[in-house]
Amino acid sequence: MKRIPIFLILAFAFAGVAFAQGAVSDASATVTFDCPDGECHVLPWFKGEGGFIGRILPGLEEVTFHTICGDGSVTRSLTPGGGGIVSALFNPNNGLSCDRDDGEFQIHGLMDGGWYWITDDENSAVSFLIPSEVLANRKIAPANPGWSGLTFSASRDGSVSFVKEVASGRVGILPHILPLPGEPEPLRCGQYKECEGEDCAAEDRVTKQRTDDCLLDAVYAVRVTTGPGTGLDRAITSGQIFRPVSGTTLLTLGLYGTGHLDIVEPLGAGFDESLAATWTATVRVEGAAGLPQAIGTDRVFGISGDLDTGTLTVHTPTDSDETCTERIGHTVLVEIKATAGANDILPAVPGETLAGDFRPTTMLRVRCPGAAAAAAGEELVPGGGLFVD
């Protein structure tokens, strides 16, 4: 049986959804494509078929791409799906692939971090989209051992090489443009903590927001804390907790972000305070067969929750629904997903799209206390809760 490479499977996975995300329109081949530096990315190797994925720049309503192959050219526009994600395929079926060596592919309106793939006979090669303004930078050709079984094909502008191992069919895209030594790392946009003076204590740090000359590089994540509060000192950082020996342990869910801009209130939610979100949570016994079960007010595997308020309750081994017995202690795996509410931030929190589910997610393992922990429970678990950092 012929093995199907993983990147080829990836290409197939997007084949049915790439243009379903938004409206697509053809423009005349005589249209002059305006792709200014700072808003323009290119596929440095555009030959054959493949696709690209990226996130739209804040403030734009659509992403436009322009292809040239020989004497023909095509311009098309895409409207983003959830989370600002856009994607497109180029293949013989939609007339966007190019089998020539002079193919060009420009995209206007994407943030940095977009990527693309080119599918060869047996495998696919993946690489970042390159900002057009760096194409004039110094280029360094990759080391070529000169083996007959390894082919190097450089792009016309000398920015990348398409590499292929003939025997296995493995392919890759190697950029010739490398980061220059000594380049300062760009500052991230959004909230940060600043302290004045050498002896400034952590509690005296002031929250500020950086909006100019910075990288809009948002990361949104789910944070689970013990108790009703959202303080970092109560955050579960190890990804696991132990069931309380008595009483219950209350967990609070929060959606937080870094590297984003809060538009209305510059020091608003997402850094010190949780962003607005709705929650879904499922639970299953780790390693057991069967589908995960949704968490609600009724106890499931010793977990219950009020997802309208974003809280979960962890019950004792006695109320663990047979996951913690005298002889066997099962670990319960909880998956928590956040769907963003109305938040005035850039970029938006990713959500569910036709290309996949990109909601911020975290996994939490709920474990049974050991015999020693159970015997000394009152001393180990003041207040009825134990969490491990």
# chains A, B, ... in the order shown; residues from 1 in each chain; ligands from 1

$ residues_around --residues "A:Pro92" --least-positions-apart "2" --cutoff "12 Å" --atoms "only C-alpha atoms" --output "compact mmCIF listing (two decimals) with N, CA and C atoms, in the first residue's frame"
# COMPACT_ATOMS: atom_id res chain seq x y z
N LYS A 47 5.14 27.27 -7.87
CA LYS A 47 5.14 26.38 -9.02
C LYS A 47 4.42 25.11 -8.63
N GLY A 48 3.46 24.70 -9.42
CA GLY A 48 2.66 23.53 -9.08
C GLY A 48 1.38 23.95 -8.39
N GLU A 49 0.94 23.15 -7.42
CA GLU A 49 -0.30 23.45 -6.71
C GLU A 49 -0.07 23.38 -5.20
N GLY A 50 -0.97 24.00 -4.46
CA GLY A 50 -0.86 24.04 -3.01
C GLY A 50 -1.91 24.95 -2.42
N LEU A 89 -6.81 27.68 -1.95
CA LEU A 89 -6.05 26.66 -2.67
C LEU A 89 -5.73 27.17 -4.06
N PHE A 90 -4.63 26.70 -4.63
CA PHE A 90 -4.35 26.92 -6.05
C PHE A 90 -4.05 25.56 -6.67
N ASN A 94 -9.21 25.06 -10.06
CA ASN A 94 -9.69 26.45 -9.97
C ASN A 94 -8.86 27.40 -10.84
N GLY A 95 -7.94 26.86 -11.63
CA GLY A 95 -7.19 27.67 -12.57
C GLY A 95 -6.13 28.56 -11.97
N LEU A 96 -5.72 28.29 -10.73
CA LEU A 96 -4.76 29.15 -10.06
C LEU A 96 -3.36 28.56 -9.96
N SER A 97 -3.18 27.29 -10.31
CA SER A 97 -1.85 26.69 -10.24
C SER A 97 -1.01 27.16 -11.41
N CYS A 98 0.29 26.97 -11.30
CA CYS A 98 1.21 27.39 -12.35
C CYS A 98 2.31 26.35 -12.49
N ASP A 99 2.54 25.85 -13.71
CA ASP A 99 3.57 24.85 -13.95
C ASP A 99 4.82 25.44 -14.59

$ residues_around --residues "stretch 61-67 of chain A" --least-positions-apart "4" --cutoff "9 Å" --atoms "only C-alpha atoms" --output "PDB file with N, CA and C atoms, in the first residue's frame"
ATOM      1  N   PHE A  33      -2.231  45.428  -9.873  1.00  0.00           N
ATOM      2  CA  PHE A  33      -2.399  44.988  -8.489  1.00  0.00           C
ATOM      3  C   PHE A  33      -1.553  45.868  -7.571  1.00  0.00           C
ATOM      4  N   CYS A  35       0.034  46.323  -4.138  1.00  0.00           N
ATOM      5  CA  CYS A  35       0.410  45.527  -2.971  1.00  0.00           C
ATOM      6  C   CYS A  35       1.562  46.237  -2.267  1.00  0.00           C
ATOM      7  N   ILE A  56      -6.113  38.094   8.591  1.00  0.00           N
ATOM      8  CA  ILE A  56      -6.275  39.407   7.983  1.00  0.00           C
ATOM      9  C   ILE A  56      -5.733  40.501   8.896  1.00  0.00           C
ATOM     10  N   LEU A  57      -5.198  41.568   8.284  1.00  0.00           N
ATOM     11  CA  LEU A  57      -4.737  42.723   9.039  1.00  0.00           C
ATOM     12  C   LEU A  57      -5.917  43.426   9.704  1.00  0.00           C
ATOM     13  N   GLY A  72      -0.786  35.035 -18.409  1.00  0.00           N
ATOM     14  CA  GLY A  72      -2.064  35.128 -17.709  1.00  0.00           C
ATOM     15  C   GLY A  72      -1.907  35.619 -16.282  1.00  0.00           C
ATOM     16  N   SER A  73      -2.931  36.278 -15.777  1.00  0.00           N
ATOM     17  CA  SER A  73      -2.944  36.727 -14.385  1.00  0.00           C
ATOM     18  C   SER A  73      -4.367  36.684 -13.857  1.00  0.00           C
ATOM     19  N   VAL A  74      -4.495  36.479 -12.553  1.00  0.00           N
ATOM     20  CA  VAL A  74      -5.796  36.393 -11.896  1.00  0.00           C
ATOM     21  C   VAL A  74      -5.718  37.160 -10.579  1.00  0.00           C
ATOM     22  N   THR A  75      -6.770  37.923 -10.282  1.00  0.00           N
ATOM     23  CA  THR A  75      -6.880  38.612  -8.992  1.00  0.00           C
ATOM     24  C   THR A  75      -8.171  38.156  -8.317  1.00  0.00           C
ATOM     25  N   ARG A  76      -8.076  37.768  -7.059  1.00  0.00           N
ATOM     26  CA  ARG A  76      -9.258  37.323  -6.326  1.00  0.00           C
ATOM     27  C   ARG A  76      -9.235  37.892  -4.914  1.00  0.00           C
ATOM     28  N   SER A  77     -10.431  37.990  -4.327  1.00  0.00           N
ATOM     29  CA  SER A  77     -10.580  38.520  -2.977  1.00  0.00           C
ATOM     30  C   SER A  77     -11.228  37.490  -2.076  1.00  0.00           C
ATOM     31  N   LEU A  78     -10.848  37.527  -0.798  1.00  0.00           N
ATOM     32  CA  LEU A  78     -11.393  36.618   0.208  1.00  0.00           C
ATOM     33  C   LEU A  78     -11.856  37.416   1.413  1.00  0.00           C
ATOM     34  N   THR A  79     -13.038  37.083   1.939  1.00  0.00           N
ATOM     35  CA  THR A  79     -13.472  37.644   3.213  1.00  0.00           C
ATOM     36  C   THR A  79     -13.173  36.621   4.301  1.00  0.00           C
ATOM     37  N   PRO A  80     -12.715  37.079   5.475  1.00  0.00           N
ATOM     38  CA  PRO A  80     -12.258  36.132   6.497  1.00  0.00           C
ATOM     39  C   PRO A  80     -13.397  35.412   7.182  1.00  0.00           C
ATOM     40  N   VAL A  86      -8.132  33.505   6.782  1.00  0.00           N
ATOM     41  CA  VAL A  86      -8.446  33.300   5.368  1.00  0.00           C
ATOM     42  C   VAL A  86      -7.541  32.194   4.840  1.00  0.00           C
ATOM     43  N   LEU A  96      -5.722  28.285 -10.734  1.00  0.00           N
ATOM     44  CA  LEU A  96      -4.755  29.153 -10.056  1.00  0.00           C
ATOM     45  C   LEU A  96      -3.363  28.562  -9.960  1.00  0.00           C
ATOM     46  N   SER A  97      -3.182  27.293 -10.306  1.00  0.00           N
ATOM     47  CA  SER A  97      -1.852  26.692 -10.236  1.00  0.00           C
ATOM     48  C   SER A  97      -1.007  27.156 -11.414  1.00  0.00           C
ATOM     49  N   CYS A  98       0.293  26.968 -11.297  1.00  0.00           N
ATOM     50  CA  CYS A  98       1.206  27.386 -12.354  1.00  0.00           C
ATOM     51  C   CYS A  98       2.311  26.348 -12.490  1.00  0.00           C
ATOM     52  N   GLY A 103       6.229  31.868 -12.362  1.00  0.00           N
ATOM     53  CA  GLY A 103       5.021  32.165 -11.602  1.00  0.00           C
ATOM     54  C   GLY A 103       5.271  33.167 -10.476  1.00  0.00           C
ATOM     55  N   GLU A 104       4.288  34.040 -10.234  1.00  0.00           N
ATOM     56  CA  GLU A 104       4.350  35.005  -9.143  1.00  0.00           C
ATOM     57  C   GLU A 104       3.036  34.960  -8.367  1.00  0.00           C
ATOM     58  N   PHE A 105       3.126  35.153  -7.051  1.00  0.00           N
ATOM     59  CA  PHE A 105       1.940  35.093  -6.187  1.00  0.00           C
ATOM     60  C   PHE A 105       2.122  36.131  -5.081  1.00  0.00           C
ATOM     61  N   GLN A 106       1.261  37.173  -5.098  1.00  0.00           N
ATOM     62  CA  GLN A 106       1.288  38.233  -4.101  1.00  0.00           C
ATOM     63  C   GLN A 106      -0.040  38.258  -3.340  1.00  0.00           C
ATOM     64  N   ILE A 107       0.040  38.575  -2.062  1.00  0.00           N
ATOM     65  CA  ILE A 107      -1.158  38.628  -1.223  1.00  0.00           C
ATOM     66  C   ILE A 107      -1.157  39.948  -0.463  1.00  0.00           C
ATOM     67  N   HIS A 108      -2.261  40.674  -0.555  1.00  0.00           N
ATOM     68  CA  HIS A 108      -2.383  41.955   0.157  1.00  0.00           C
ATOM     69  C   HIS A 108      -3.369  41.824   1.321  1.00  0.00           C
ATOM     70  N   GLY A 109      -2.922  42.230   2.523  1.00  0.00           N
ATOM     71  CA  GLY A 109      -3.851  42.321   3.637  1.00  0.00           C
ATOM     72  C   GLY A 109      -3.695  41.285   4.712  1.00  0.00           C
ATOM     73  N   LEU A 110      -2.559  40.580   4.773  1.00  0.00           N
ATOM     74  CA  LEU A 110      -2.349  39.568   5.803  1.00  0.00           C
ATOM     75  C   LEU A 110      -1.374  40.066   6.861  1.00  0.00           C
TER      76      LEU A 110
END

$ closest_residue --among "A:Val334, A:Leu250, A:Ala288, A:Leu267" --to "A:Val300" --atoms "only C-alpha atoms"
A:Val334

$ atom_distance --atom1 "atom CA of A:Ile68" --atom2 "atom CA of A:Val42"
11.9 Å

$ atom_distance --atom1 "atom CA of A:Trp115" --atom2 "atom CA of A:Ile130"
8.5 Å

$ select_by_dssp --residues "stretch 55-284 of chain A" --states "strand (DSSP E)" --output "ChimeraX atom specification"
/A:55,63-69,72-78,85-90,104-108,115-119,124-128,130-131,150-154,160-165,171-175,190-194,206-210,219-226,240-242,249-258,261-262,277-284

$ residues_around --residues "A:Asp306" --least-positions-apart "3" --cutoff "9 Å" --atoms "only C-alpha atoms" --output "list of chain:residue names"
A:Ile295, A:Gly296, A:Thr297, A:Thr309, A:Gly310, A:Thr311, A:Leu312, A:Thr313

$ select_by_dssp --residues "stretch 203-384 of chain A" --states "alpha helix (DSSP H)" --output "VMD selection string"
chain A and resid 371 to 375 377 to 380

$ atom_distance --atom1 "atom CA of A:Val160" --atom2 "atom CA of A:Leu215"
24.9 Å

$ residues_around --residues "A:Asn343" --least-positions-apart "5" --cutoff "9 Å" --atoms "only C-alpha atoms" --output "PyMOL selection string"
chain A and resi 262+269+275-277+348-349

$ closest_atom_pairs --of "stretch 207-268 of chain A" --to "stretch 354-361 of chain A" --cutoff "8 Å" --atoms "only C-alpha atoms" --output "Markdown table"
| residue | atom | partner | partner_atom | distance |
| --- | --- | --- | --- | --- |
| A:Tyr220 | CA | A:Pro360 | CA | 6.3 |
| A:Ala221 | CA | A:Pro360 | CA | 5.4 |
| A:Val222 | CA | A:Thr361 | CA | 6.1 |
| A:Leu255 | CA | A:Pro360 | CA | 8.0 |

$ write_last_selection --atoms "N, CA, C and O atoms" --output "short mmCIF file (atom, residue, chain, number, x, y, z; two decimals), in the first residue's frame"
data_model
loop_
_atom_site.label_atom_id
_atom_site.label_comp_id
_atom_site.auth_asym_id
_atom_site.auth_seq_id
_atom_site.Cartn_x
_atom_site.Cartn_y
_atom_site.Cartn_z
N TYR A 220 -3.99 34.23 23.03
CA TYR A 220 -5.11 34.13 23.95
C TYR A 220 -5.12 32.73 24.56
O TYR A 220 -4.93 31.73 23.86
N ALA A 221 -5.33 32.66 25.86
CA ALA A 221 -5.25 31.38 26.55
C ALA A 221 -6.26 31.32 27.68
O ALA A 221 -6.68 32.35 28.23
N VAL A 222 -6.65 30.10 28.02
CA VAL A 222 -7.56 29.84 29.13
C VAL A 222 -6.73 29.64 30.39
O VAL A 222 -5.77 28.87 30.38
N LEU A 255 -10.48 33.85 30.41
CA LEU A 255 -9.85 33.98 29.10
C LEU A 255 -8.96 35.23 29.13
O LEU A 255 -9.45 36.34 29.35
#

$ residues_around --residues "A:Ile85" --least-positions-apart "6" --cutoff "8 Å" --atoms "only C-alpha atoms" --output "list in words"
Ile53, Gly54, Arg55 and Ile56 of chain A

$ closest_residue --among "A:Ser161, A:Ser238, A:Thr339, A:Thr318" --to "A:Val224" --atoms "only C-alpha atoms"
A:Ser238
